[in-house]
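Enquirer: Supplied structure: coords-v1.cif, mmCIF, C-alpha atoms.
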```cif
data_query
#
loop_
_atom_site.label_atom_id
_atom_site.label_comp_id
_atom_site.auth_asym_id
_atom_site.auth_seq_id
_atom_site.Cartn_x
_atom_site.Cartn_y
_atom_site.Cartn_z
CA MET Z 93 -7.54 -16.52 12.28
CA LYS Z 94 -8.31 -18.79 9.36
CA LEU Z 95 -7.05 -16.21 6.84
CA LEU Z 96 -3.74 -15.92 8.68
CA GLU Z 97 -3.40 -19.70 8.84
CA ILE Z 98 -4.00 -19.99 5.10
CA ILE Z 99 -1.76 -17.11 4.05
CA SER Z 100 1.08 -17.95 6.48
CA GLY Z 101 0.86 -21.73 6.29
CA GLU Z 102 1.01 -21.92 10.09
CA LYS Z 103 -1.51 -22.92 12.75
CA LEU Z 104 -2.73 -20.31 15.21
CA GLY Z 105 -4.55 -22.64 17.53
CA LYS Z 106 -8.20 -23.31 18.10
CA PRO Z 107 -10.44 -20.24 17.92
CA ASN Z 108 -12.99 -19.49 20.61
CA ARG Z 109 -16.38 -20.42 19.12
CA GLY Z 110 -18.42 -18.01 21.24
CA LYS Z 111 -20.53 -15.29 19.70
CA MET Z 112 -20.16 -12.65 22.41
CA ARG Z 113 -18.06 -9.55 21.79
CA VAL Z 114 -15.47 -10.53 24.39
CA GLN Z 115 -14.95 -13.92 22.70
CA LYS Z 116 -14.58 -12.33 19.29
CA ILE Z 117 -12.02 -9.89 20.71
CA GLU Z 118 -10.13 -12.83 22.20
CA ASN Z 119 -9.87 -14.46 18.75
CA LEU Z 120 -8.77 -11.22 17.14
CA ASN Z 121 -6.13 -10.73 19.83
CA LYS Z 122 -4.75 -14.21 19.05
CA SER Z 123 -4.36 -13.11 15.44
CA ILE Z 124 -2.72 -9.81 16.41
CA ASP Z 125 -0.35 -11.62 18.81
CA PHE Z 126 0.62 -13.99 15.98
CA LEU Z 127 1.46 -11.03 13.74
CA LYS Z 128 3.53 -9.42 16.50
CA LYS Z 129 5.47 -12.67 16.99
CA LYS Z 130 6.26 -12.53 13.27
CA ARG Z 131 7.67 -9.03 13.90
CA ILE Z 132 5.03 -7.39 11.77
CA GLN Z 133 4.68 -3.77 12.77
CA LEU Z 134 1.10 -2.92 13.65
CA GLU Z 135 0.31 0.73 14.15
CA ASN Z 136 -2.82 2.07 15.79
CA ILE Z 137 -4.95 -1.05 15.34
CA GLY Z 138 -6.41 -3.36 17.92
CA ALA Z 139 -9.00 -6.10 18.12
CA GLU Z 140 -11.73 -3.55 18.86
CA ASP Z 141 -10.94 -1.64 15.66
CA ILE Z 142 -11.38 -4.79 13.60
CA LEU Z 143 -14.55 -5.84 15.40
CA ASP Z 144 -15.99 -2.33 15.06
CA ARG Z 145 -15.23 -2.46 11.30
CA ASN Z 146 -12.82 0.46 11.03
CA GLU Z 147 -12.33 0.10 7.26
CA ARG Z 148 -9.27 2.31 6.94
CA LEU Z 149 -7.36 0.44 9.64
CA ILE Z 150 -8.53 -2.96 8.41
CA LEU Z 151 -7.40 -2.20 4.83
CA GLY Z 152 -3.99 -1.16 6.16
CA LEU Z 153 -3.78 -4.37 8.18
CA ILE Z 154 -4.77 -6.52 5.20
CA TRP Z 155 -2.13 -4.82 3.06
CA THR Z 156 0.49 -5.40 5.76
CA ILE Z 157 -0.42 -9.09 5.92
CA ILE Z 158 -0.32 -9.48 2.14
CA LEU Z 159 2.97 -7.61 1.93
CA ARG Z 160 4.58 -9.76 4.63
CA PHE Z 161 3.32 -13.18 3.64
CA GLN Z 162 2.91 -12.90 -0.11
CA ILE Z 163 4.70 -9.98 -1.77
CA ASP Z 164 7.87 -10.11 0.32
CA THR Z 165 8.35 -13.74 -0.68
CA ILE Z 166 8.21 -13.04 -4.43
CA VAL Z 167 11.56 -12.73 -6.17
CA ILE Z 168 11.72 -11.13 -9.61
CA ASP Z 169 14.54 -10.96 -12.15
CA VAL Z 170 15.02 -7.27 -12.98
CA GLY Z 171 18.51 -7.02 -14.43
CA GLU Z 172 19.99 -7.96 -17.72
CA GLU Z 173 20.03 -11.69 -18.37
CA GLU Z 174 23.75 -12.02 -17.73
CA THR Z 175 23.68 -10.22 -14.34
CA GLY Z 176 20.83 -12.31 -12.94
CA GLU Z 177 19.91 -9.53 -10.48
CA ARG Z 178 16.88 -10.46 -8.39
CA LYS Z 179 14.59 -8.25 -6.30
CA ASN Z 180 11.61 -8.91 -4.12
CA ALA Z 181 8.29 -7.70 -5.51
CA LYS Z 182 8.22 -4.51 -3.42
CA ASP Z 183 11.67 -3.47 -4.64
CA ALA Z 184 10.71 -4.40 -8.19
CA LEU Z 185 7.59 -2.21 -7.96
CA LEU Z 186 9.76 0.67 -6.73
CA ILE Z 187 12.14 0.19 -9.67
CA TRP Z 188 9.15 0.08 -12.05
CA CYS Z 189 7.91 3.41 -10.64
CA GLN Z 190 11.39 4.92 -10.98
CA ARG Z 191 11.67 3.82 -14.60
CA LYS Z 192 8.20 5.09 -15.52
CA THR Z 193 8.83 8.51 -13.98
CA ALA Z 194 12.45 8.99 -15.11
CA GLY Z 195 12.87 12.39 -16.71
CA TYR Z 196 9.83 14.01 -15.09
CA ALA Z 197 10.75 17.33 -13.47
CA GLY Z 198 10.44 17.29 -9.69
CA VAL Z 199 10.02 13.50 -9.43
CA LYS Z 200 12.58 11.37 -7.63
CA ILE Z 201 11.14 8.14 -6.27
CA ASP Z 202 13.30 6.60 -3.55
CA ASN Z 203 10.60 5.02 -1.38
CA PHE Z 204 6.87 4.50 -0.93
CA THR Z 205 6.47 7.32 1.58
CA THR Z 206 8.04 10.76 1.18
CA SER Z 207 8.71 10.43 -2.57
CA TRP Z 208 4.97 10.71 -3.23
CA ARG Z 209 4.23 13.68 -0.96
CA SER Z 210 4.21 16.39 -3.65
CA GLY Z 211 1.76 14.51 -5.84
CA LEU Z 212 4.06 14.85 -8.84
CA ALA Z 213 4.95 11.15 -8.88
CA PHE Z 214 1.29 10.11 -9.04
CA ASN Z 215 0.66 12.57 -11.88
CA ALA Z 216 3.83 11.42 -13.69
CA LEU Z 217 2.74 7.78 -13.54
CA ILE Z 218 -0.61 8.60 -15.06
CA HIS Z 219 0.99 10.90 -17.66
CA ALA Z 220 3.54 8.23 -18.62
CA HIS Z 221 0.72 5.99 -19.78
CA ARG Z 222 -2.03 8.45 -20.63
CA PRO Z 223 -0.50 11.84 -21.49
CA ASP Z 224 -3.90 12.99 -22.73
CA LEU Z 225 -5.23 12.99 -19.14
CA ILE Z 226 -2.59 15.07 -17.34
CA HIS Z 227 -0.99 18.36 -18.36
CA TYR Z 228 2.17 17.61 -16.40
CA ASP Z 229 4.04 20.81 -17.28
CA GLY Z 230 1.10 22.83 -15.93
CA LEU Z 231 1.37 21.42 -12.40
CA ALA Z 232 2.63 23.73 -9.66
CA HIS Z 233 5.44 21.87 -7.91
CA SER Z 234 4.69 23.60 -4.60
CA ASP Z 235 0.95 22.79 -4.61
CA HIS Z 236 1.12 19.33 -3.04
CA ILE Z 237 -2.57 19.04 -2.16
CA GLY Z 238 -3.64 20.32 -5.59
CA ASN Z 239 -1.31 17.87 -7.36
CA LEU Z 240 -2.46 14.94 -5.25
CA ASN Z 241 -6.13 15.76 -5.74
CA ASN Z 242 -5.55 16.17 -9.49
CA ALA Z 243 -4.00 12.68 -9.78
CA PHE Z 244 -6.60 11.04 -7.57
CA ASP Z 245 -9.49 12.79 -9.34
CA VAL Z 246 -8.19 11.85 -12.80
CA ALA Z 247 -7.63 8.25 -11.70
CA GLU Z 248 -11.16 8.07 -10.33
CA ARG Z 249 -13.04 9.90 -13.12
CA LYS Z 250 -11.08 8.88 -16.21
CA LEU Z 251 -9.55 5.53 -15.25
CA GLU Z 252 -12.32 4.28 -12.96
CA ILE Z 253 -9.90 3.60 -10.12
CA ALA Z 254 -11.46 4.02 -6.70
CA ARG Z 255 -9.96 6.80 -4.62
CA LEU Z 256 -8.24 5.04 -1.72
CA LEU Z 257 -6.08 7.92 -0.50
CA ASP Z 258 -6.79 11.41 0.75
CA ALA Z 259 -4.35 14.13 -0.26
CA GLU Z 260 -3.94 15.19 3.37
CA ASP Z 261 -2.85 11.65 4.34
CA VAL Z 262 -0.10 11.69 1.71
CA ASP Z 263 1.15 15.27 2.19
CA THR Z 264 2.42 14.74 5.72
CA GLN Z 265 5.77 14.63 7.49
CA ARG Z 266 5.34 10.91 8.28
CA PRO Z 267 3.34 9.28 5.49
CA ASP Z 268 2.13 5.70 5.95
CA GLU Z 269 3.87 3.31 3.53
CA LYS Z 270 1.08 0.73 3.75
CA ARG Z 271 -1.33 3.14 2.15
CA ARG Z 272 1.08 4.11 -0.60
CA SER Z 273 2.63 0.84 -1.62
CA SER Z 274 -0.45 -0.41 -3.35
CA PRO Z 275 -0.42 0.33 -7.08
CA ALA Z 276 -0.52 4.05 -7.71
CA PRO Z 277 -3.65 5.61 -9.20
CA GLY Z 278 -3.93 4.81 -12.85
CA GLU Z 279 -1.22 2.21 -12.85
CA SER Z 280 -0.54 -1.46 -12.55
CA PRO Z 281 2.96 -2.87 -12.39
CA MET Z 282 2.04 -5.44 -15.03
#
```
Just give me the structure of the file as structure tokens.
Expert:
Amino acid sequence: MKLLEIISGEKLGKPNRGKMRVQKIENLNKSIDFLKKKRIQLENIGAEDILDRNERLILGLIWTIILRFQIDTIVIDVGEEETGERKNAKDALLIWCQRKTAGYAGVKIDNFTTSWRSGLAFNALIHAHRPDLIHYDGLAHSDHIGNLNNAFDVAERKLEIARLLDAEDVDTQRPDEKRRSSPAPGESPM
């Protein structure tokens, strides 16, 4: 509750100070209710998941909170000086990814979900900065799982970036944007 109060700048009320599981769940439900009132979409996570330390769901929730209360509020100038075009940070990150992967065969980044499914975009981002690590022209465009694993393995072994995604979670009909909109393996938007 305290984290949400700090990051949102709003008060959530007094937490229950008990140490029993039911009291902890009550506090977590207050936090979840607050997020729902803010129209933040929560998928497949409840107070019990947090209390039971489901890391995957908790990381997704933390990213959602950061995205809503911090990243969505950032506005960045992205256009030429005379146009004064401004984008929020998420849109600016998408534009950065598009610019870095422009000209790569089979890569068209329109979003943080389906555009990454083939694994080519992840490989292109790494190749754009470290062409010595990826033989981009040797990738099979139809081998989504192989491409994804290649990018994630290279990012982990050569760039020391922890593997946060599984290829099977990305190569799906309905990928989860929360898992993908963190910086791609091997890259930082800065």
Enquirer: CA of Met112 (chain Z) to CA of Ile142 (chain Z): how many Å, to one decimal?
Expert: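 One can read the CA of Met112 (chain Z) to CA of Ile142 (chain Z) distance as 14.7 Å.
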Enquirer: Check what the PyMOL selection byres ((chain Z and resi 236) around 12) selects in the file above and give those residues as a count of residues only.
Expert: 30
Enquirer: Is it possible to get the axis-aligned box enclosing region 222-230 of chain Z (all listed atoms, 6 Å extra per side) as JSON, with centre and edge lengths in Å rounded to one decimal?
Expert:
```
{"center_x": -0.6, "center_y": 15.6, "center_z": -19.3, "size_x": 21.3, "size_y": 26.4, "size_z": 18.8}
```
Enquirer: For region 100-103 of chain Z, please output as a list in words all residues within 8 Å (counting only C-alpha atoms; exclusion window: fewer than 3 positions along the same chain).
Expert: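 Near region 100-103 of chain Z, the qualifying residues are Leu96, Glu97 and Phe161 of chain Z.
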Enquirer: Please report the interatomic distance between CA of Val199 (chain Z) and CA of Leu225 (chain Z) in Å with one decimal.
Expert: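 Answer for the CA of Val199 (chain Z) to CA of Leu225 (chain Z) separation: 18.1 Å.
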Enquirer: Care to translate the PyMOL selection byres ((chain Z and resi 120) around 10) into actual residues of this file, as a ChimeraX atom specification?
Expert: /Z:93,107-108,114-119,121-126,138-143
Enquirer: Tell me which residues the PyMOL selection byres ((chain Z and resi 153) around 12) grabs here, as a PyMOL selection string.
Expert: chain Z and resi 96+123-124+127+132-139+141-142+146-152+154-160+268-271
